[in-house]
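Here is the structure we will look at.
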Amino acid sequence: MNIKEYMNGLGEQARRAGREISRTETAKKNAALLKIAETIERNAGKLIAENAKDLTAGKANGLDAAMLDRLALTLKSIATMAEGLRQVAALPDPVGEITGLSYQPSGIQVGQMRVPLGVIGIIYESRPNVTVDAAALCLKSGNACILRGGSEAIHSNQAIAGCISQGLTDAGLPVEAVQIVATADRQAVGELITMSQYVDVIVPRGGKSLIERISKEASIPVIKHLDGICHVYIDDSADLDKAVTIAMNAKTHRYGVCNAMETLLVAESIAAKILPVLAGQYVNKGVELRGCSKTCTLIPDCKRAKEDDWRTEYLAPILSIKIVSGLTEAIEHINFYGSLHTDTIVTEDYTKARQFLREVDSSSVMVNASTRFADGFEYGLGAEIGISTDKLHARGPVGLTGLTSLKFIVLGDGHIRQ
């Protein structure tokens, strides 16, 4: 296979299909999503059989238990994929929405219309369910997409691709609207992220090394986040019961997710009250604690944190803790060491809460809530294609609206500029 020719072929087909999908009415897009859901349910046995090939190869290639777990398809996970498609079909369609329409002194009306981005390239690892999620969100938002899953899931993804193609055909939409790269050759990624004549935006989903490579090599805009170094700051005016509950949930609800807390900041005046309580609960959960010198004085079993700890996304039961003088130092620490992902303050002081919201420069900033809420579903977006810590275009959880853009529209009636 000539990879360059193959990828260019996908790009040409996606561009043509994207033009058709961009003008497809909502009802027809929803019908396609429902048809895909039905096809996936009907072919559950085939999907599991193809997935078994990937699992067998993965074991032979030494994939760890966590990776194999992410790779596995079950009847339950297949049902969840189908339900996810139905949920996206039920979401409001952002395409064509007109906002801000107003008369100007010249007599023209000016507003903005929400439109699809065009063709979206999505590169991801391990989880076959991402294939369905990505296809659903792109289709509903009027975009064509080219999906490149990991080599470890190639049989699963191709089987899912067949279900998607059948659903699109049944709904009378072009199958090229959702194309899944059929080769595991790494050159395909290099081609996809540089085909600016066909692809409008790249979304990488996976480990830090993948996202760093895509960000470095892509000649197309990338929607991404590299790290999730999330903070919880417990202010001296915090309700301590709330603070304990939030700090425990933010760290221990799940460890290997980008919105888990990695650094806990505590106001010095209340540190002696709350840190021993939290330390006991963290130790019972098996969390390793690494702290500043003041923290280590209050928690005897705490390891001394190094400079790199404040910059580390552990994705594991490890937590760094720092005692700060107050709100100003907490904000400075977050803005210096954070990754612009998610940060929260626990406080009963309205003025401090407002200052934290205003001055912390992250894509999600919270008051009295766990960082674990930084999620498209929890934000009412219905679903998400990823998290963006960039400041241009999409920021935070990227749902349907994040896969669209705005263009200005002007309504006149023979108006000319004088």
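The way I read the labels, and the way they are meant: chains A, B, ... in the order of the structure tokens, residue 1 as the first residue of every chain, and ligand 1 as the first ligand shown, with later ones counted on from there.
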Using only C-alpha atoms, which residues sit within 8 Å of Asp227 in chain A once same-chain residues fewer than 2 positions away are excluded, as number ranges by chain?
-> A: 208, 225, 229, 258, 313, 339, 341
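Take the candidates A:Leu55, A:Val222, A:Ile323, A:Leu298 and check each one against Leu71 in chain A using only C-alpha atoms; the shortest distance goes to A:Leu55.
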Using only C-alpha atoms, pick whichever of A:Asp309, A:Glu262, A:Asp185, A:Asp241 has the shortest atom-to-atom distance to Ile3 in chain A.
->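 Of A:Asp309, A:Glu262, A:Asp185, A:Asp241, the one nearest Ile3 in chain A, counting only C-alpha atoms, is A:Asp185.
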Run DSSP on the backbone of this structure and report the residues of range 22-217 of chain A it assigns to helix (DSSP H, G or I), as a PyMOL selection string.
-> chain A and resi 22+26-42+44-60+65-71+75-90+129-140+151-170+175-177+187-192+208-217
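Relative to CA of Ala260 in chain A, CA of Thr131 in chain A is found at 24.3 Å.
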List every residue of range 254-308 of chain A that DSSP, applied to the backbone of this structure, assigns to strand (DSSP E or B), and report them as JSON, numbers by chain.
-> {"A": [261, 262, 263, 264, 265, 266, 267, 288, 289, 290, 291, 303, 304]}
Counting only C-alpha atoms, what is within 9 Å of Asn129 in chain A, bar same-chain residues fewer than 5 positions away, as a list in words?
->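 Skipping anything fewer than 5 positions along the chain leaves Leu71, Leu73, Ser77, Ile78, Thr80, Met81, Ala134, Asn157 and Ile160 of chain A.
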Take the residues from that selection and write them out as a CSV table (one decimal), in the first residue's frame, keeping N, CA, C and O atoms.
```csv
chain,number,residue,atom,x,y,z
A,71,LEU,N,-9.2,-2.1,26.2
A,71,LEU,CA,-9.3,-2.6,24.8
A,71,LEU,C,-10.6,-3.5,24.7
A,71,LEU,O,-11.2,-3.6,23.6
A,73,LEU,N,-14.1,-5.4,24.5
A,73,LEU,CA,-15.5,-5.1,24.3
A,73,LEU,C,-16.4,-6.3,24.9
A,73,LEU,O,-16.0,-7.4,24.8
A,77,SER,N,-20.6,-3.1,27.3
A,77,SER,CA,-19.9,-2.0,26.7
A,77,SER,C,-20.5,-1.7,25.3
A,77,SER,O,-20.6,-0.5,24.9
A,78,ILE,N,-20.9,-2.7,24.6
A,78,ILE,CA,-21.5,-2.5,23.2
A,78,ILE,C,-22.9,-1.8,23.4
A,78,ILE,O,-23.2,-0.9,22.7
A,80,THR,N,-23.6,0.1,25.8
A,80,THR,CA,-23.3,1.5,26.2
A,80,THR,C,-23.0,2.3,25.0
A,80,THR,O,-23.4,3.5,24.9
A,81,MET,N,-22.3,1.8,24.0
A,81,MET,CA,-22.0,2.5,22.8
A,81,MET,C,-23.3,2.8,22.0
A,81,MET,O,-23.4,4.0,21.6
A,134,ALA,N,-16.5,9.4,18.7
A,134,ALA,CA,-16.0,10.4,17.8
A,134,ALA,C,-16.9,10.5,16.5
A,134,ALA,O,-17.2,11.6,16.1
A,157,ASN,N,-11.9,-1.9,15.5
A,157,ASN,CA,-12.2,-0.7,14.9
A,157,ASN,C,-12.8,-0.9,13.5
A,157,ASN,O,-13.7,-0.2,13.0
A,160,ILE,N,-16.3,-2.1,13.8
A,160,ILE,CA,-17.2,-1.0,14.1
A,160,ILE,C,-17.4,-0.1,12.9
A,160,ILE,O,-18.5,0.4,12.7
```
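For the residues A:Gly62, A:Gly84, A:Gly142, A:Gly149, ranking by smallest atom-to-atom distance to Arg23 in chain A using only C-alpha atoms places A:Gly142 first.
Across the model, the gap from CA of Ile345 in chain A to CA of Asp308 in chain A is 22.9 Å.
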Pick from A:Thr26, A:Ser156, A:Asn8, A:Asn143: nearest to Lys46 in chain A, with only C-alpha atoms counted?
->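 Among A:Thr26, A:Ser156, A:Asn8, A:Asn143, it is A:Ser156 that comes nearest to Lys46 in chain A.
Separating CA of Ala49 in chain A from CA of Leu75 in chain A is a distance of 11.4 Å.
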Of the candidates A:Lys273, A:Ala243, A:Arg417, A:Lys140, which one gets nearest to Ala369 in chain A if we count only C-alpha atoms?
->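 Closest to Ala369 in chain A of all the choices is A:Ala243.
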